[in-house]
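> My structure file query.txt, compact mmCIF, N, CA and C atoms, is below:
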# COMPACT_ATOMS: atom_id res chain seq x y z
N MET P 13 -31.97 10.46 19.76
CA MET P 13 -31.66 9.68 18.59
C MET P 13 -30.72 10.49 17.70
N ALA P 14 -29.70 9.82 17.14
CA ALA P 14 -28.70 10.48 16.32
C ALA P 14 -29.27 10.77 14.93
N LYS P 15 -28.89 11.93 14.41
CA LYS P 15 -29.33 12.31 13.08
C LYS P 15 -28.36 11.73 12.05
N ILE P 16 -28.88 11.12 11.01
CA ILE P 16 -28.06 10.52 9.97
C ILE P 16 -27.83 11.55 8.88
N ASP P 17 -26.58 11.74 8.55
CA ASP P 17 -26.21 12.69 7.50
C ASP P 17 -26.39 12.00 6.15
N THR P 18 -27.28 12.53 5.34
CA THR P 18 -27.56 11.92 4.05
C THR P 18 -26.98 12.72 2.88
N LYS P 19 -26.13 13.71 3.18
CA LYS P 19 -25.51 14.50 2.12
C LYS P 19 -24.48 13.64 1.39
N PRO P 20 -24.45 13.72 0.08
CA PRO P 20 -23.44 12.95 -0.66
C PRO P 20 -22.04 13.51 -0.43
N THR P 21 -21.06 12.65 -0.45
CA THR P 21 -19.68 13.09 -0.31
C THR P 21 -19.24 13.74 -1.60
N PRO P 22 -18.64 14.94 -1.52
CA PRO P 22 -18.23 15.60 -2.75
C PRO P 22 -17.17 14.79 -3.49
N THR P 23 -17.28 14.78 -4.81
CA THR P 23 -16.33 14.09 -5.65
C THR P 23 -15.25 15.07 -6.06
N PRO P 24 -13.97 14.66 -5.98
CA PRO P 24 -12.91 15.58 -6.39
C PRO P 24 -13.07 15.95 -7.87
N ILE P 25 -12.77 17.19 -8.16
CA ILE P 25 -12.88 17.68 -9.53
C ILE P 25 -11.58 17.35 -10.25
N THR P 26 -11.69 16.70 -11.41
CA THR P 26 -10.50 16.38 -12.19
C THR P 26 -10.69 16.93 -13.60
N THR P 27 -9.58 17.26 -14.20
CA THR P 27 -9.62 17.73 -15.57
C THR P 27 -9.18 16.60 -16.47
N PRO P 28 -9.49 16.65 -17.75
CA PRO P 28 -9.09 15.57 -18.65
C PRO P 28 -7.58 15.36 -18.72
N ASN P 29 -6.79 16.39 -18.42
CA ASN P 29 -5.34 16.27 -18.48
C ASN P 29 -4.76 15.59 -17.25
N GLU P 30 -5.52 15.50 -16.17
CA GLU P 30 -5.03 14.85 -14.97
C GLU P 30 -5.19 13.34 -15.11
N LYS P 31 -4.11 12.63 -14.77
CA LYS P 31 -4.16 11.18 -14.82
C LYS P 31 -3.94 10.65 -13.42
N SER P 32 -4.70 9.64 -13.06
CA SER P 32 -4.41 8.98 -11.80
C SER P 32 -3.16 8.15 -12.02
N PRO P 33 -2.34 7.99 -10.98
CA PRO P 33 -1.11 7.23 -11.18
C PRO P 33 -1.41 5.79 -11.54
N SER P 34 -0.74 5.30 -12.56
CA SER P 34 -0.93 3.92 -12.94
C SER P 34 -0.05 3.04 -12.05
N THR P 35 -0.33 1.78 -12.06
CA THR P 35 0.46 0.85 -11.27
C THR P 35 1.74 0.51 -12.02
N VAL P 36 2.85 0.60 -11.33
CA VAL P 36 4.14 0.27 -11.91
C VAL P 36 4.82 -0.80 -11.06
N THR P 37 5.72 -1.54 -11.68
CA THR P 37 6.43 -2.60 -10.98
C THR P 37 7.92 -2.30 -10.99
N TYR P 38 8.56 -2.54 -9.85
CA TYR P 38 9.99 -2.37 -9.72
C TYR P 38 10.61 -3.69 -9.28
N ARG P 39 11.81 -3.94 -9.80
CA ARG P 39 12.55 -5.13 -9.40
C ARG P 39 13.59 -4.70 -8.37
N ASP P 40 13.66 -5.43 -7.27
CA ASP P 40 14.63 -5.17 -6.22
C ASP P 40 15.92 -5.87 -6.62
N LEU P 41 16.99 -5.14 -6.82
CA LEU P 41 18.25 -5.69 -7.27
C LEU P 41 19.09 -6.27 -6.12
N ALA P 42 18.68 -6.05 -4.88
CA ALA P 42 19.48 -6.48 -3.74
C ALA P 42 18.82 -7.57 -2.89
N PHE P 43 17.51 -7.54 -2.75
CA PHE P 43 16.82 -8.46 -1.84
C PHE P 43 15.61 -9.10 -2.50
N LYS P 44 15.28 -10.31 -2.07
CA LYS P 44 14.05 -10.99 -2.53
C LYS P 44 12.85 -10.53 -1.72
N SER P 45 13.08 -10.16 -0.46
CA SER P 45 12.00 -9.63 0.37
C SER P 45 12.57 -8.64 1.37
N ARG P 46 11.82 -7.59 1.59
CA ARG P 46 12.15 -6.58 2.60
C ARG P 46 10.97 -5.66 2.75
N THR P 47 11.00 -4.86 3.80
CA THR P 47 9.95 -3.89 4.04
C THR P 47 10.55 -2.50 3.87
N LEU P 48 9.90 -1.68 3.06
CA LEU P 48 10.33 -0.31 2.86
C LEU P 48 9.44 0.59 3.70
N VAL P 49 10.05 1.52 4.43
CA VAL P 49 9.29 2.45 5.27
C VAL P 49 9.59 3.86 4.78
N LEU P 50 8.53 4.55 4.37
CA LEU P 50 8.68 5.93 3.91
C LEU P 50 8.77 6.88 5.09
N ALA P 51 9.17 8.11 4.84
CA ALA P 51 9.33 9.11 5.89
C ALA P 51 8.02 9.38 6.63
N ASP P 52 6.87 9.18 5.96
CA ASP P 52 5.59 9.42 6.62
C ASP P 52 5.13 8.24 7.47
N GLY P 53 5.94 7.17 7.53
CA GLY P 53 5.64 6.03 8.40
C GLY P 53 4.94 4.87 7.71
N ARG P 54 4.49 5.06 6.47
CA ARG P 54 3.83 3.96 5.77
C ARG P 54 4.86 2.93 5.33
N SER P 55 4.49 1.65 5.36
CA SER P 55 5.42 0.61 4.97
C SER P 55 4.87 -0.18 3.79
N PHE P 56 5.80 -0.70 2.98
CA PHE P 56 5.47 -1.45 1.78
C PHE P 56 6.39 -2.66 1.70
N ALA P 57 5.87 -3.78 1.24
CA ALA P 57 6.63 -5.02 1.20
C ALA P 57 7.13 -5.34 -0.20
N VAL P 58 8.39 -5.76 -0.25
CA VAL P 58 8.96 -6.33 -1.47
C VAL P 58 8.75 -7.83 -1.35
N VAL P 59 8.13 -8.44 -2.36
CA VAL P 59 7.83 -9.87 -2.33
C VAL P 59 8.40 -10.49 -3.60
N GLN P 60 9.14 -11.57 -3.43
CA GLN P 60 9.76 -12.28 -4.55
C GLN P 60 10.57 -11.33 -5.44
N GLY P 61 11.24 -10.38 -4.81
CA GLY P 61 12.12 -9.47 -5.53
C GLY P 61 11.42 -8.39 -6.32
N ARG P 62 10.13 -8.19 -6.07
CA ARG P 62 9.38 -7.18 -6.81
C ARG P 62 8.43 -6.41 -5.89
N ILE P 63 8.13 -5.18 -6.31
CA ILE P 63 7.14 -4.38 -5.61
C ILE P 63 6.31 -3.66 -6.68
N GLN P 64 5.00 -3.70 -6.50
CA GLN P 64 4.08 -3.08 -7.45
C GLN P 64 3.30 -2.02 -6.71
N THR P 65 3.18 -0.82 -7.29
CA THR P 65 2.52 0.27 -6.59
C THR P 65 1.97 1.31 -7.56
N GLY P 66 1.03 2.07 -7.08
CA GLY P 66 0.50 3.23 -7.77
C GLY P 66 0.66 4.46 -6.89
N ASP P 67 1.27 4.29 -5.72
CA ASP P 67 1.47 5.36 -4.74
C ASP P 67 2.56 6.31 -5.24
N THR P 68 2.23 7.58 -5.44
CA THR P 68 3.18 8.53 -6.01
C THR P 68 4.41 8.76 -5.13
N ALA P 69 4.24 8.77 -3.81
CA ALA P 69 5.39 8.96 -2.91
C ALA P 69 6.33 7.77 -2.98
N LEU P 70 5.78 6.56 -3.04
CA LEU P 70 6.62 5.37 -3.13
C LEU P 70 7.31 5.31 -4.48
N ILE P 71 6.61 5.69 -5.55
CA ILE P 71 7.24 5.71 -6.87
C ILE P 71 8.42 6.67 -6.88
N ALA P 72 8.26 7.85 -6.30
CA ALA P 72 9.35 8.82 -6.24
C ALA P 72 10.53 8.25 -5.46
N PHE P 73 10.25 7.56 -4.36
CA PHE P 73 11.30 6.93 -3.56
C PHE P 73 12.05 5.88 -4.38
N LEU P 74 11.30 5.01 -5.05
CA LEU P 74 11.91 3.92 -5.82
C LEU P 74 12.70 4.44 -7.02
N GLU P 75 12.22 5.49 -7.65
CA GLU P 75 12.92 6.07 -8.80
C GLU P 75 14.30 6.59 -8.41
N ASN P 76 14.45 7.05 -7.17
CA ASN P 76 15.71 7.62 -6.71
C ASN P 76 16.57 6.65 -5.93
N HIS P 77 16.14 5.39 -5.82
CA HIS P 77 16.88 4.39 -5.04
C HIS P 77 17.69 3.52 -6.00
N PRO P 78 19.00 3.40 -5.79
CA PRO P 78 19.84 2.65 -6.73
C PRO P 78 19.58 1.14 -6.76
N GLU P 79 18.91 0.60 -5.76
CA GLU P 79 18.68 -0.84 -5.71
C GLU P 79 17.37 -1.27 -6.34
N PHE P 80 16.66 -0.33 -6.98
CA PHE P 80 15.39 -0.67 -7.63
C PHE P 80 15.43 -0.28 -9.09
N GLN P 81 14.91 -1.16 -9.93
CA GLN P 81 14.86 -0.93 -11.36
C GLN P 81 13.41 -1.04 -11.82
N ARG P 82 12.95 -0.01 -12.50
CA ARG P 82 11.57 -0.03 -13.00
C ARG P 82 11.45 -1.01 -14.16
N GLU P 83 10.42 -1.84 -14.12
CA GLU P 83 10.20 -2.80 -15.19
C GLU P 83 9.34 -2.15 -16.27
N PRO P 84 9.55 -2.53 -17.52
CA PRO P 84 8.75 -1.96 -18.60
C PRO P 84 7.27 -2.26 -18.42
N ASP P 85 6.43 -1.34 -18.84
CA ASP P 85 4.99 -1.52 -18.77
C ASP P 85 4.57 -2.51 -19.85
N PRO P 86 3.97 -3.65 -19.46
CA PRO P 86 3.57 -4.64 -20.47
C PRO P 86 2.54 -4.09 -21.45
N ALA P 87 1.74 -3.11 -21.06
CA ALA P 87 0.74 -2.52 -21.95
C ALA P 87 1.39 -1.67 -23.03
N ALA P 88 2.63 -1.24 -22.78
CA ALA P 88 3.32 -0.40 -23.74
C ALA P 88 3.92 -1.22 -24.88
N GLY P 89 3.90 -2.55 -24.73
CA GLY P 89 4.41 -3.41 -25.79
C GLY P 89 5.91 -3.47 -25.87
N VAL P 90 6.57 -3.16 -24.76
CA VAL P 90 8.05 -3.17 -24.75
C VAL P 90 8.52 -4.49 -24.21
Would you mind writing the file's structure down as structure tokens?

Amino acid sequence: MAKIDTKPTPTPITTPNEKSPSTVTYRDLAFKSRTLVLADGRSFAVVQGRIQTGDTALIAFLENHPEFQREPDPAAGV
């Protein structure tokens, strides 16, 4: 009979200064729909000319891509 591991999974330690990435939205200036593939092989879909993400690698990619424009955060009141 297999033994069941009942140890709790450790929780990552975070400090008050660390923020989890918030979700941001980008507008695709060239296409209404397309699939973006990052260097690590993960893919993300642009739908209706927009992509929303909290993934830090995808955000870095979109920030440096000339065909994407970051939309203002509605919570910021802009």
> Could you list, as a PyMOL selection string, every residue within 12 Å of Ile71 (chain P), counting only C-alpha atoms and ignoring same-chain residues fewer than 6 positions away?
chain P and resi 33-38+48+50+56+63-65+77+80-82
> May I ask which of the residues P:Leu74, P:Thr47, P:Arg39, P:Glu79 is the closest one to Arg62 (chain P), counting only C-alpha atoms?
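Selected residue with least distance to Arg62 (chain P): P:Arg39.
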> Rounded to one decimal in Å, what is the spacing between atom C of Ser45 (chain P) and CA of Gly61 (chain P)?
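One can read the atom C of Ser45 (chain P) to CA of Gly61 (chain P) distance as 7.0 Å.
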> Please compute the CA of Arg54 (chain P)-CA of Phe73 (chain P) distance, one decimal, in Å.
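Result for CA of Arg54 (chain P) versus CA of Phe73 (chain P): 12.3 Å, one decimal.
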